[in-house]
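Visitor: Below is a structure I'd like to ask you about.
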Amino acid sequence: MNTDWLTNEESAPLSSREGQGSESALTLFELNSLVRDVLEATLDRDYWVEAELSEAREVRGHCYMELVQKDAFGNTPVARASAKCWQSTWMKLRPRFEKATGQTLHAGMKVLLRVHVNFHEAYGFSWIVNDIDPTYTMGDLARRRQEIVRKLKEQGVFDMQRELQLPLFCQHIAVISSENAAGYGDFCRQLADNDYGFQFQVELFPAIMQGEQVEQSIIDALNRINSADAKASISTGDESATGFPFDCVVIIRGGGATADMSGFDTLALAENVANFPLPIITGIGHERDESILDMISHTRVKTPTAAAAFLIDHLAQVFLRINDAQDAITNCVRRRMDMEKMRLERLSEKIPVLFSLVKSRQTAHLDQLYARLTALTTARLSNLRYQLASLCAQLPPLAERRLLRERHRIDLLSQRASSLDPDLLLSRGYSITLKDGQVVRHADQLQPGDVIETRLANGKIKSEVL
């Protein structure tokens with residue numbers, strides 16, 4: 001630093017000035033004025049400086065920044081400084097920076113500032129910002145995004161969401177959004193007023209969608225959704241079933257500044273979304289490029305209404321598939337019925353011919369059976385007539401012999417009967433004793449006092465048993 005302007009007295013060591021009067025000492029204001037003059041004289045141009053913001057705030061249109069440089073091998077600050085951007089300059093720089101980078105100035109952001117020195121007697125040293133190079137910040141943001149994408153791919157979770165299947169009947173929707181956001185209202189109205197009359201069940205899980213709390217707020221909402229899913233799974237009693245009360249999750253953001261997107265470009269949020277068990281659809285309302293959240297999600301659309309249109313279109317495609325399947329089944333059944341009808345008609349045409357053929361065959365068969373039956377009957381009758389004639393020829397001799405035998409037998413029986421005639425026995429001196437008209441064969445048949453009758457050849461004798 002050039003010190004030629006200092007007088008010998010002023011540049012002398014403190015020890016050499018001891019004992020001199022107090023009139024030779026400088027006031028603090030004078031000293032600060034000298035410092036200001038030196039700085040303005042030696043640092044009389046603008047400088048581009050790379051730094052990290054440890055703080056950035058806007059007060060009454062002015063932007064106040066705290067700059068820091070950290071150790072390359074650690075997180076320890078090795079330099080600090082304050083910077084200010086006055087309202088007249090800040091109103092021009094802010095829109096250009098936010099449009100180019102898609103973000104507002106915030107702590108942790110690396111920036112490239114064009115500054116000139118400023119030293120005020122009352123407020124001390126600071127750098128005055130004249131310009132901000134958004135391309136430097138964009139490069140740093142791009143590097144951070146690339147690093148996050150690299151880590152997600154190394155973990156093997158970058159494409160996990162896209163591997164999930166959106167349910168065919170995706171009608172139970174969990175929405176993560178600001179409760180009073182216009183985009184949430186547009187999303188619900190779009191679903192409710194669809195042209196197909198589809199019914200959707202939407203449940204809001206409120207979250208902060210702007211500012212530094214975006215990351216943790218969305219993660220908390222995802223945890224609440226996952227807890228609701230876990231409770232539903234337990235209530236089913238089936239461990240193999242998912243039991244999710246929701247078919248997908250929609251993260252939407254509407255009505256906010258498109259520049260405030262840093263909360264959607266964090267590793268923690270990306271990891272939570274990538275590992276979430278339900279498909280996640282994002283519609284956070286920006287078109288510049290994709291955020292990390294967009295890259296990792298199952299489906300990315302631009303706006304909340306586009307998210308609603310996507311869900312309606314998905315269900316419409318399923319409805320069309322069902323209609324196509326219904327038409328295909330109907331056409332298949334109709335074709336089959338037509339084929340069967342034609343087959344029946346052909347069969348009905350063949351029935352008279354087949355019936356006539358069968359009738360002729362059956363008639364011929366019956367004629368054959370009749371002829372056989374007639375022949376067999378005739379043969380049987382002839383055989384029976386011959387047998388009958390033979391029997392008739394044999395009957396007279398047999399009858400005469402039988403009559404002769406029977407006549408001889410009768411004669412024998414007659415002789416035996418004659419020999420057993422009681423009168424003949426009585427005439428030979430035998431008698432017959434009767435009791436009550438019954439023949440007495442044993443003495444045991446009689447009791448004292450019984451009256452018996454004895455028949456003789458000539459007469460009867462009655463007697464009493466003593």
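Ligands are numbered from 1 in the order shown, chains are lettered A, B, ... in the order of the structure tokens, and residues start at 1 in each chain.
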Within 12 Å of Asn275 (chain A), counting only C-alpha atoms, which residues qualify if same-chain residues fewer than 2 places away don't, as a VMD selection string?
Guide: chain A and resid 152 155 to 164 219 222 to 223 226 268 to 273 277 to 280 296 to 298
Visitor: Would you list the contacts of Cys248 (chain A) as a ChimeraX atom specification, taking every protein, DNA or RNA residue within 10 Å and counting only C-alpha atoms, but skipping same-chain residues closer than 4 positions in sequence?
Guide: /A:165-167,170-175,244,277-281,298,311
Visitor: So that I can check the surroundings of Lys435 (chain A), please list as a list in words every protein, DNA and RNA residue that reaches within 10 Å of it, counting only C-alpha atoms and ignoring chain neighbours fewer than 6 positions away.
Guide: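 Within the cut-off, the hits are Gln445, Leu446, Asp450, Val451, Ile452, Glu453, Thr454 and Lys462 of chain A.
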Visitor: Mind checking DSSP for region 68-289 of chain A and telling me the helix (DSSP H, G or I) residues as a PyMOL selection string?
Guide: chain A and resi 87-101+134-155+161-163+182-192+214-236+262-264+267-274
Visitor: How would you write, as an MDAnalysis selection string, the set of residues in region 12-252 of chain A that DSSP gives as strand (DSSP E)?
Guide: chainID A and resid 47:59 62:70 77:85 110:120 124:132 172:177 201:206 248:252
Visitor: The selected residues should be written to file as a PDB file, in the first residue's frame (atoms: C-alpha atoms).
Guide:
ATOM      1  CA  TYR A  47     -13.283  -6.106  -8.538  1.00  0.00           C
ATOM      2  CA  TRP A  48     -14.898  -9.473  -9.288  1.00  0.00           C
ATOM      3  CA  VAL A  49     -14.903 -11.601  -6.154  1.00  0.00           C
ATOM      4  CA  GLU A  50     -15.951 -15.241  -5.566  1.00  0.00           C
ATOM      5  CA  ALA A  51     -17.613 -15.884  -2.241  1.00  0.00           C
ATOM      6  CA  GLU A  52     -20.265 -17.887  -0.418  1.00  0.00           C
ATOM      7  CA  LEU A  53     -23.255 -16.211   1.158  1.00  0.00           C
ATOM      8  CA  SER A  54     -23.588 -16.899   4.846  1.00  0.00           C
ATOM      9  CA  GLU A  55     -26.530 -14.501   5.031  1.00  0.00           C
ATOM     10  CA  ALA A  56     -28.651 -12.525   2.565  1.00  0.00           C
ATOM     11  CA  ARG A  57     -31.565 -10.293   3.540  1.00  0.00           C
ATOM     12  CA  GLU A  58     -33.553  -7.521   1.951  1.00  0.00           C
ATOM     13  CA  VAL A  59     -34.371  -4.441   4.012  1.00  0.00           C
ATOM     14  CA  HIS A  62     -31.666  -2.819  -0.161  1.00  0.00           C
ATOM     15  CA  CYS A  63     -29.898  -6.204  -0.091  1.00  0.00           C
ATOM     16  CA  TYR A  64     -27.478  -6.891   2.751  1.00  0.00           C
ATOM     17  CA  MET A  65     -25.074  -9.807   2.400  1.00  0.00           C
ATOM     18  CA  GLU A  66     -22.528 -11.514   4.593  1.00  0.00           C
ATOM     19  CA  LEU A  67     -19.732 -13.062   2.549  1.00  0.00           C
ATOM     20  CA  VAL A  68     -17.505 -15.907   3.671  1.00  0.00           C
ATOM     21  CA  GLN A  69     -14.719 -18.049   2.256  1.00  0.00           C
ATOM     22  CA  LYS A  70     -14.219 -21.472   3.799  1.00  0.00           C
ATOM     23  CA  PRO A  77     -14.151 -19.671   7.475  1.00  0.00           C
ATOM     24  CA  VAL A  78     -10.829 -18.150   6.435  1.00  0.00           C
ATOM     25  CA  ALA A  79     -12.264 -14.767   5.380  1.00  0.00           C
ATOM     26  CA  ARG A  80     -15.375 -12.715   6.098  1.00  0.00           C
ATOM     27  CA  ALA A  81     -16.804  -9.464   4.754  1.00  0.00           C
ATOM     28  CA  SER A  82     -20.055  -7.524   4.525  1.00  0.00           C
ATOM     29  CA  ALA A  83     -21.567  -6.436   1.221  1.00  0.00           C
ATOM     30  CA  LYS A  84     -24.455  -4.168   0.286  1.00  0.00           C
ATOM     31  CA  CYS A  85     -26.451  -3.722  -2.867  1.00  0.00           C
ATOM     32  CA  LYS A 110     -21.891 -19.347  -4.122  1.00  0.00           C
ATOM     33  CA  VAL A 111     -21.849 -16.074  -6.066  1.00  0.00           C
ATOM     34  CA  LEU A 112     -19.560 -14.018  -8.261  1.00  0.00           C
ATOM     35  CA  LEU A 113     -19.977 -10.322  -7.377  1.00  0.00           C
ATOM     36  CA  ARG A 114     -18.534  -7.161  -8.928  1.00  0.00           C
ATOM     37  CA  VAL A 115     -17.805  -4.854  -6.021  1.00  0.00           C
ATOM     38  CA  HIS A 116     -16.044  -1.675  -5.115  1.00  0.00           C
ATOM     39  CA  VAL A 117     -14.747  -0.693  -1.723  1.00  0.00           C
ATOM     40  CA  ASN A 118     -16.711   1.417   0.717  1.00  0.00           C
ATOM     41  CA  PHE A 119     -15.589   2.650   4.118  1.00  0.00           C
ATOM     42  CA  HIS A 120     -17.850   4.846   6.184  1.00  0.00           C
ATOM     43  CA  GLY A 124     -17.038   0.814   8.931  1.00  0.00           C
ATOM     44  CA  PHE A 125     -15.916  -1.259   5.955  1.00  0.00           C
ATOM     45  CA  SER A 126     -18.133  -2.990   3.388  1.00  0.00           C
ATOM     46  CA  TRP A 127     -18.186  -3.920  -0.258  1.00  0.00           C
ATOM     47  CA  ILE A 128     -20.761  -2.286  -2.525  1.00  0.00           C
ATOM     48  CA  VAL A 129     -22.198  -4.678  -5.084  1.00  0.00           C
ATOM     49  CA  ASN A 130     -22.555  -3.293  -8.611  1.00  0.00           C
ATOM     50  CA  ASP A 131     -23.258  -6.538 -10.479  1.00  0.00           C
ATOM     51  CA  ILE A 132     -23.856 -10.276 -10.004  1.00  0.00           C
ATOM     52  CA  HIS A 172     -57.281 -42.314  -4.112  1.00  0.00           C
ATOM     53  CA  ILE A 173     -54.827 -39.419  -4.180  1.00  0.00           C
ATOM     54  CA  ALA A 174     -52.602 -38.063  -1.394  1.00  0.00           C
ATOM     55  CA  VAL A 175     -51.685 -34.438  -2.155  1.00  0.00           C
ATOM     56  CA  ILE A 176     -48.720 -32.553  -0.690  1.00  0.00           C
ATOM     57  CA  SER A 177     -49.274 -28.832  -1.129  1.00  0.00           C
ATOM     58  CA  GLN A 201     -60.876 -39.167  -3.399  1.00  0.00           C
ATOM     59  CA  VAL A 202     -58.294 -36.510  -2.510  1.00  0.00           C
ATOM     60  CA  GLU A 203     -56.675 -36.015   0.907  1.00  0.00           C
ATOM     61  CA  LEU A 204     -54.390 -33.055   1.555  1.00  0.00           C
ATOM     62  CA  PHE A 205     -51.203 -33.322   3.605  1.00  0.00           C
ATOM     63  CA  PRO A 206     -50.227 -29.665   4.125  1.00  0.00           C
ATOM     64  CA  CYS A 248     -50.294 -42.326  -5.566  1.00  0.00           C
ATOM     65  CA  VAL A 249     -48.882 -39.084  -4.154  1.00  0.00           C
ATOM     66  CA  VAL A 250     -49.077 -35.733  -5.954  1.00  0.00           C
ATOM     67  CA  ILE A 251     -46.685 -32.909  -4.992  1.00  0.00           C
ATOM     68  CA  ILE A 252     -47.982 -29.627  -6.398  1.00  0.00           C
TER      69      ILE A 252
END
Visitor: Env of Ser291 (chain A): 8 Å cut, atoms = only C-alpha atoms, seq-sep filter 3 positions within chain, self excluded. Answer as a compact mmCIF listing (two decimals) with all heavy atoms, in the first residue's frame.
Guide:
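Now in part_29.txt:
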# COMPACT_ATOMS: atom_id res chain seq x y z
N MET A 261 -36.84 -22.21 -5.84
CA MET A 261 -36.91 -23.64 -6.11
C MET A 261 -35.83 -24.44 -5.41
O MET A 261 -35.71 -25.64 -5.61
CB MET A 261 -36.80 -23.89 -7.63
CG MET A 261 -37.87 -23.20 -8.46
SD MET A 261 -39.52 -23.82 -8.08
CE MET A 261 -39.33 -25.49 -8.61
N PHE A 264 -36.38 -27.86 -3.59
CA PHE A 264 -36.68 -29.07 -4.33
C PHE A 264 -35.43 -29.72 -4.92
O PHE A 264 -35.53 -30.71 -5.63
CB PHE A 264 -37.67 -28.76 -5.46
CG PHE A 264 -38.96 -28.18 -4.98
CD1 PHE A 264 -39.18 -26.80 -5.03
CD2 PHE A 264 -39.95 -28.98 -4.44
CE1 PHE A 264 -40.37 -26.26 -4.59
CE2 PHE A 264 -41.14 -28.45 -4.00
CZ PHE A 264 -41.35 -27.09 -4.05
N ASP A 265 -34.26 -29.14 -4.64
CA ASP A 265 -33.00 -29.65 -5.18
C ASP A 265 -32.08 -30.13 -4.06
O ASP A 265 -30.91 -29.77 -4.01
CB ASP A 265 -32.29 -28.57 -6.01
CG ASP A 265 -32.95 -28.35 -7.35
OD1 ASP A 265 -33.53 -29.32 -7.89
OD2 ASP A 265 -32.89 -27.23 -7.86
N ASP A 294 -38.13 -33.42 -9.66
CA ASP A 294 -38.73 -33.85 -10.92
C ASP A 294 -38.00 -35.06 -11.49
O ASP A 294 -38.61 -36.00 -12.00
CB ASP A 294 -38.70 -32.71 -11.94
CG ASP A 294 -39.67 -31.59 -11.58
OD1 ASP A 294 -40.74 -31.91 -11.06
OD2 ASP A 294 -39.34 -30.42 -11.82
N MET A 295 -36.67 -35.02 -11.42
CA MET A 295 -35.87 -36.11 -12.00
C MET A 295 -36.13 -37.44 -11.30
O MET A 295 -36.14 -38.50 -11.94
CB MET A 295 -34.38 -35.78 -11.89
CG MET A 295 -33.93 -34.59 -12.71
SD MET A 295 -32.15 -34.30 -12.46
CE MET A 295 -31.94 -32.76 -13.36
Visitor: Nearest residue to Asp186 (chain A) out of A:Thr303, A:Thr282, A:Thr104, A:Ser227, using only C-alpha atoms?
Guide: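 Using only C-alpha atoms, the shortest distance to Asp186 (chain A) belongs to A:Thr303.
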